[in-house]
file model_10.cif (mmCIF, C-alpha atoms)
data_start
loop_
_atom_site.group_PDB
_atom_site.id
_atom_site.type_symbol
_atom_site.label_atom_id
_atom_site.label_comp_id
_atom_site.auth_asym_id
_atom_site.auth_seq_id
_atom_site.Cartn_x
_atom_site.Cartn_y
_atom_site.Cartn_z
ATOM 1 C CA MET A 1 36.337 -4.801 -28.546
ATOM 2 C CA PHE A 2 32.838 -4.397 -29.894
ATOM 3 C CA PHE A 3 32.105 -2.393 -32.991
ATOM 4 C CA SER A 4 28.811 -0.641 -33.328
ATOM 5 C CA LYS A 5 27.270 -0.300 -36.745
ATOM 6 C CA ILE A 6 26.265 3.149 -37.954
ATOM 7 C CA GLU A 7 22.556 3.434 -38.626
ATOM 8 C CA ASN A 8 21.201 5.825 -41.277
ATOM 9 C CA VAL A 9 17.920 7.520 -40.389
ATOM 10 C CA GLU A 10 15.989 10.027 -42.473
ATOM 11 C CA LEU A 11 13.774 12.707 -40.925
ATOM 12 C CA VAL A 12 11.649 15.384 -42.560
ATOM 13 C CA LEU A 13 12.128 18.744 -40.844
ATOM 14 C CA PRO A 14 11.132 22.367 -41.367
ATOM 15 C CA PHE A 15 13.947 24.715 -42.310
ATOM 16 C CA LYS A 16 14.857 28.357 -42.653
ATOM 17 C CA SER A 17 17.492 30.395 -44.385
ATOM 18 C CA LYS A 18 19.047 33.735 -43.643
ATOM 19 C CA ALA A 19 21.262 35.802 -45.882
ATOM 20 C CA ASN A 20 22.779 38.821 -44.213
ATOM 21 C CA LYS A 21 24.866 41.331 -46.133
ATOM 22 C CA GLU A 22 28.212 39.595 -45.458
ATOM 23 C CA GLU A 23 27.033 36.149 -46.546
ATOM 24 C CA PHE A 24 25.277 37.595 -49.578
ATOM 25 C CA GLU A 25 28.441 39.415 -50.665
ATOM 26 C CA ALA A 26 30.472 36.240 -50.100
ATOM 27 C CA GLY A 27 28.032 34.239 -52.229
ATOM 28 C CA VAL A 28 27.151 31.664 -49.586
ATOM 29 C CA ILE A 29 23.788 30.082 -48.823
ATOM 30 C CA GLU A 30 22.874 29.144 -45.270
ATOM 31 C CA ILE A 31 20.172 26.616 -44.409
ATOM 32 C CA GLU A 32 19.111 25.438 -40.978
ATOM 33 C CA ALA A 33 16.764 22.473 -40.565
ATOM 34 C CA TYR A 34 15.370 22.191 -37.060
ATOM 35 C CA GLY A 35 13.071 20.178 -34.881
ATOM 36 C CA ASN A 36 12.762 17.143 -32.678
ATOM 37 C CA VAL A 37 15.631 14.837 -33.510
ATOM 38 C CA PHE A 38 15.359 11.619 -31.511
ATOM 39 C CA GLY A 39 13.818 13.322 -28.478
ATOM 40 C CA GLU A 40 15.980 16.464 -28.507
ATOM 41 C CA GLU A 41 15.494 19.857 -30.138
ATOM 42 C CA LYS A 42 18.325 20.156 -32.691
ATOM 43 C CA TYR A 43 19.394 22.629 -35.352
ATOM 44 C CA CYS A 44 21.160 21.239 -38.426
ATOM 45 C CA TYR A 45 23.124 24.116 -39.935
ATOM 46 C CA ALA A 46 24.734 23.933 -43.375
ATOM 47 C CA MET A 47 26.530 26.507 -45.509
ATOM 48 C CA TYR A 48 26.789 26.130 -49.288
ATOM 49 C CA ASP A 49 28.136 27.866 -52.353
ATOM 50 C CA MET A 50 27.423 27.324 -56.032
ATOM 51 C CA THR A 51 29.271 24.538 -57.860
ATOM 52 C CA ASP A 52 29.471 26.604 -61.034
ATOM 53 C CA ALA A 53 30.696 30.214 -60.960
ATOM 54 C CA LYS A 54 28.422 31.003 -63.928
ATOM 55 C CA MET A 55 25.472 30.605 -61.572
ATOM 56 C CA TYR A 56 26.489 33.856 -59.866
ATOM 57 C CA VAL A 57 26.703 35.691 -63.191
ATOM 58 C CA ASN A 58 23.376 34.241 -64.415
ATOM 59 C CA LYS A 59 21.620 35.544 -61.264
ATOM 60 C CA ASP A 60 20.862 31.981 -60.094
ATOM 61 C CA TYR A 61 22.323 32.847 -56.702
ATOM 62 C CA GLU A 62 19.942 35.781 -56.230
ATOM 63 C CA ASP A 63 17.004 33.636 -57.370
ATOM 64 C CA ILE A 64 17.856 30.889 -54.871
ATOM 65 C CA ILE A 65 18.245 33.383 -52.005
ATOM 66 C CA SER A 66 14.870 34.886 -52.909
ATOM 67 C CA LEU A 67 13.208 31.461 -52.885
ATOM 68 C CA LEU A 68 14.778 30.541 -49.540
ATOM 69 C CA ARG A 69 13.538 33.739 -47.906
ATOM 70 C CA ASN A 70 10.034 32.334 -48.445
ATOM 71 C CA SER A 71 10.607 28.921 -46.867
ATOM 72 C CA THR A 72 7.830 29.085 -44.270
ATOM 73 C CA GLY A 73 5.793 25.898 -44.331
ATOM 74 C CA LYS A 74 8.303 23.923 -46.379
ATOM 75 C CA ASN A 75 10.140 20.812 -45.195
ATOM 76 C CA ILE A 76 13.266 18.963 -46.304
ATOM 77 C CA LYS A 77 14.785 15.569 -45.653
ATOM 78 C CA VAL A 78 17.772 15.348 -43.375
ATOM 79 C CA ASN A 79 19.806 12.132 -43.292
ATOM 80 C CA PHE A 80 21.335 11.316 -39.906
ATOM 81 C CA LYS A 81 24.112 8.893 -39.030
ATOM 82 C CA ILE A 82 23.432 7.337 -35.630
ATOM 83 C CA LYS A 83 25.893 5.298 -33.573
ATOM 84 C CA LYS A 84 25.048 3.884 -30.164
ATOM 85 C CA GLY A 85 21.901 5.995 -30.078
ATOM 86 C CA LYS A 86 23.751 9.291 -30.657
ATOM 87 C CA VAL A 87 23.751 11.518 -33.735
ATOM 88 C CA LYS A 88 27.237 11.455 -35.234
ATOM 89 C CA ASP A 89 26.626 13.327 -38.477
ATOM 90 C CA PHE A 90 23.896 14.635 -40.753
ATOM 91 C CA GLU A 91 23.385 15.728 -44.338
ATOM 92 C CA ILE A 92 20.638 17.886 -45.773
ATOM 93 C CA ASP A 93 19.123 16.133 -48.784
ATOM 94 C CA LEU A 94 19.504 18.682 -51.585
ATOM 95 C CA GLU A 95 17.149 16.718 -53.828
ATOM 96 C CA SER A 96 14.350 17.226 -51.295
ATOM 97 C CA LEU A 97 15.218 20.930 -51.245
ATOM 98 C CA ALA A 98 14.972 20.993 -55.039
ATOM 99 C CA LEU A 99 11.575 19.258 -54.812
ATOM 100 C CA ALA A 100 10.329 21.735 -52.189
ATOM 101 C CA TYR A 101 10.814 24.552 -54.689
ATOM 102 C CA ASN A 102 10.511 22.584 -57.933
ATOM 103 C CA ASP A 103 13.950 23.952 -58.862
ATOM 104 C CA GLU A 104 16.880 21.691 -59.794
ATOM 105 C CA ARG A 105 19.412 24.466 -59.173
ATOM 106 C CA PHE A 106 19.373 23.482 -55.499
ATOM 107 C CA CYS A 107 21.101 20.219 -56.479
ATOM 108 C CA LYS A 108 24.061 22.270 -57.719
ATOM 109 C CA LEU A 109 25.028 23.522 -54.270
ATOM 110 C CA ASP A 110 28.377 22.561 -52.767
ATOM 111 C CA LEU A 111 28.663 22.016 -49.000
ATOM 112 C CA LEU A 112 31.189 24.305 -47.313
ATOM 113 C CA ALA A 113 30.486 23.647 -43.627
ATOM 114 C CA SER A 114 27.900 22.110 -41.345
ATOM 115 C CA GLY A 115 27.153 21.668 -37.687
ATOM 116 C CA LEU A 116 24.620 20.082 -35.382
ATOM 117 C CA ASN A 117 23.617 22.528 -32.663
ATOM 118 C CA ASP A 118 21.421 22.658 -29.577
ATOM 119 C CA LYS A 119 20.562 26.311 -30.296
ATOM 120 C CA ASP A 120 19.452 28.267 -33.340
ATOM 121 C CA VAL A 121 22.562 29.816 -34.928
ATOM 122 C CA TRP A 122 20.627 33.013 -35.714
ATOM 123 C CA ARG A 123 19.331 33.808 -32.234
#
call {"tool": "encode", "arguments": {"input": "model_10.cif", "output": "structure tokens"}}
result
Amino acid sequence: MFFSKIENVELVLPFKSKANKEEFEAGVIEIEAYGNVFGEEKYCYAMYDMTDAKMYVNKDYEDIISLLRNSTGKNIKVNFKIKKGKVKDFEIDLESLALAYNDERFCKLDLLASGLNDKDVWR
């Protein structure tokens, strides 16, 4: 039996965020990086919440949502795990998100769920 090593590859992709009423009330943050990922159009969806409940009280959540609504023209790093030429997993680099906005609060997000899709989740 042959074992294939997992390769880590970093890409810089544009991203968008959408906060509808239900997500806003639940206190979640949704981010979708998208673009050409190894020859295929892919959408890297991730849902986060705040690591510290005080961030909701301090209005950090509202500030972050406001910043993300204006994400046009910004890019973030996405780290992919590749095995046998196929994407097996990904992770949005929160430090690159913090750099895109010059705001360290983005590093305090906690991943709730993620998925790699062939279609935009908000279409």
call {"tool": "residues_around", "arguments": {"input": "model_10.cif", "residues": "Leu97 (chain A)", "least_positions_apart": "5", "cutoff": "12 Å", "atoms": "all atoms listed in the file", "output": "PDB file with C-alpha atoms, in the coordinates of the input"}}
result
ATOM      1  CA  VAL A  12      11.649  15.384 -42.560  1.00  0.00           C
ATOM      2  CA  LEU A  13      12.128  18.744 -40.844  1.00  0.00           C
ATOM      3  CA  PRO A  14      11.132  22.367 -41.367  1.00  0.00           C
ATOM      4  CA  PHE A  15      13.947  24.715 -42.310  1.00  0.00           C
ATOM      5  CA  LYS A  16      14.857  28.357 -42.653  1.00  0.00           C
ATOM      6  CA  SER A  17      17.492  30.395 -44.385  1.00  0.00           C
ATOM      7  CA  ILE A  31      20.172  26.616 -44.409  1.00  0.00           C
ATOM      8  CA  GLU A  32      19.111  25.438 -40.978  1.00  0.00           C
ATOM      9  CA  ALA A  33      16.764  22.473 -40.565  1.00  0.00           C
ATOM     10  CA  ILE A  64      17.856  30.889 -54.871  1.00  0.00           C
ATOM     11  CA  LEU A  67      13.208  31.461 -52.885  1.00  0.00           C
ATOM     12  CA  LEU A  68      14.778  30.541 -49.540  1.00  0.00           C
ATOM     13  CA  SER A  71      10.607  28.921 -46.867  1.00  0.00           C
ATOM     14  CA  LYS A  74       8.303  23.923 -46.379  1.00  0.00           C
ATOM     15  CA  ASN A  75      10.140  20.812 -45.195  1.00  0.00           C
ATOM     16  CA  ILE A  76      13.266  18.963 -46.304  1.00  0.00           C
ATOM     17  CA  LYS A  77      14.785  15.569 -45.653  1.00  0.00           C
ATOM     18  CA  VAL A  78      17.772  15.348 -43.375  1.00  0.00           C
ATOM     19  CA  GLU A  91      23.385  15.728 -44.338  1.00  0.00           C
ATOM     20  CA  ILE A  92      20.638  17.886 -45.773  1.00  0.00           C
ATOM     21  CA  ASN A 102      10.511  22.584 -57.933  1.00  0.00           C
ATOM     22  CA  ASP A 103      13.950  23.952 -58.862  1.00  0.00           C
ATOM     23  CA  GLU A 104      16.880  21.691 -59.794  1.00  0.00           C
ATOM     24  CA  ARG A 105      19.412  24.466 -59.173  1.00  0.00           C
ATOM     25  CA  PHE A 106      19.373  23.482 -55.499  1.00  0.00           C
ATOM     26  CA  CYS A 107      21.101  20.219 -56.479  1.00  0.00           C
ATOM     27  CA  LYS A 108      24.061  22.270 -57.719  1.00  0.00           C
ATOM     28  CA  LEU A 109      25.028  23.522 -54.270  1.00  0.00           C
TER      29      LEU A 109
END
call {"tool": "atom_distance", "arguments": {"input": "model_10.cif", "atom1": "CA of Phe80 (chain A)", "atom2": "CA of Leu11 (chain A)"}}
result
7.8 Å
call {"tool": "atom_distance", "arguments": {"input": "model_10.cif", "atom1": "CA of Val9 (chain A)", "atom2": "CA of Ile82 (chain A)"}}
result
7.3 Å
call {"tool": "atom_distance", "arguments": {"input": "model_10.cif", "atom1": "CA of Ser66 (chain A)", "atom2": "CA of Asn36 (chain A)"}}
result
27.0 Å
call {"tool": "residues_around", "arguments": {"input": "model_10.cif", "residues": "Lys5 (chain A)", "least_positions_apart": "2", "cutoff": "12 Å", "atoms": "only C-alpha atoms", "output": "ChimeraX atom specification"}}
result
/A:2-3,7-8,81-86,88
call {"tool": "axis_aligned_box", "arguments": {"input": "model_10.cif", "around": "region 26-32 of chain A", "padding_each_side": "4 Å", "output": "lines of an AutoDock Vina configuration file"}}
result
center_x = 24.8
center_y = 30.8
center_z = -46.6
size_x = 19.4
size_y = 18.8
size_z = 19.3
call {"tool": "closest_residue", "arguments": {"input": "model_10.cif", "among": "A:Glu25, A:Glu30, A:Glu40, A:Asp93", "to": "Tyr56 (chain A)", "atoms": "only C-alpha atoms"}}
result
A:Glu25
call {"tool": "resolve_selection", "arguments": {"input": "model_10.cif", "expression": "the PyMOL selection byres ((chain A and resi 111-116) around 8)", "output": "list in words"}}
result
Lys42, Tyr43, Cys44, Tyr45, Ala46, Met47, Tyr48, Asp49, Asp89, Phe90, Leu109, Asp110, Asn117 and Asp118 of chain A
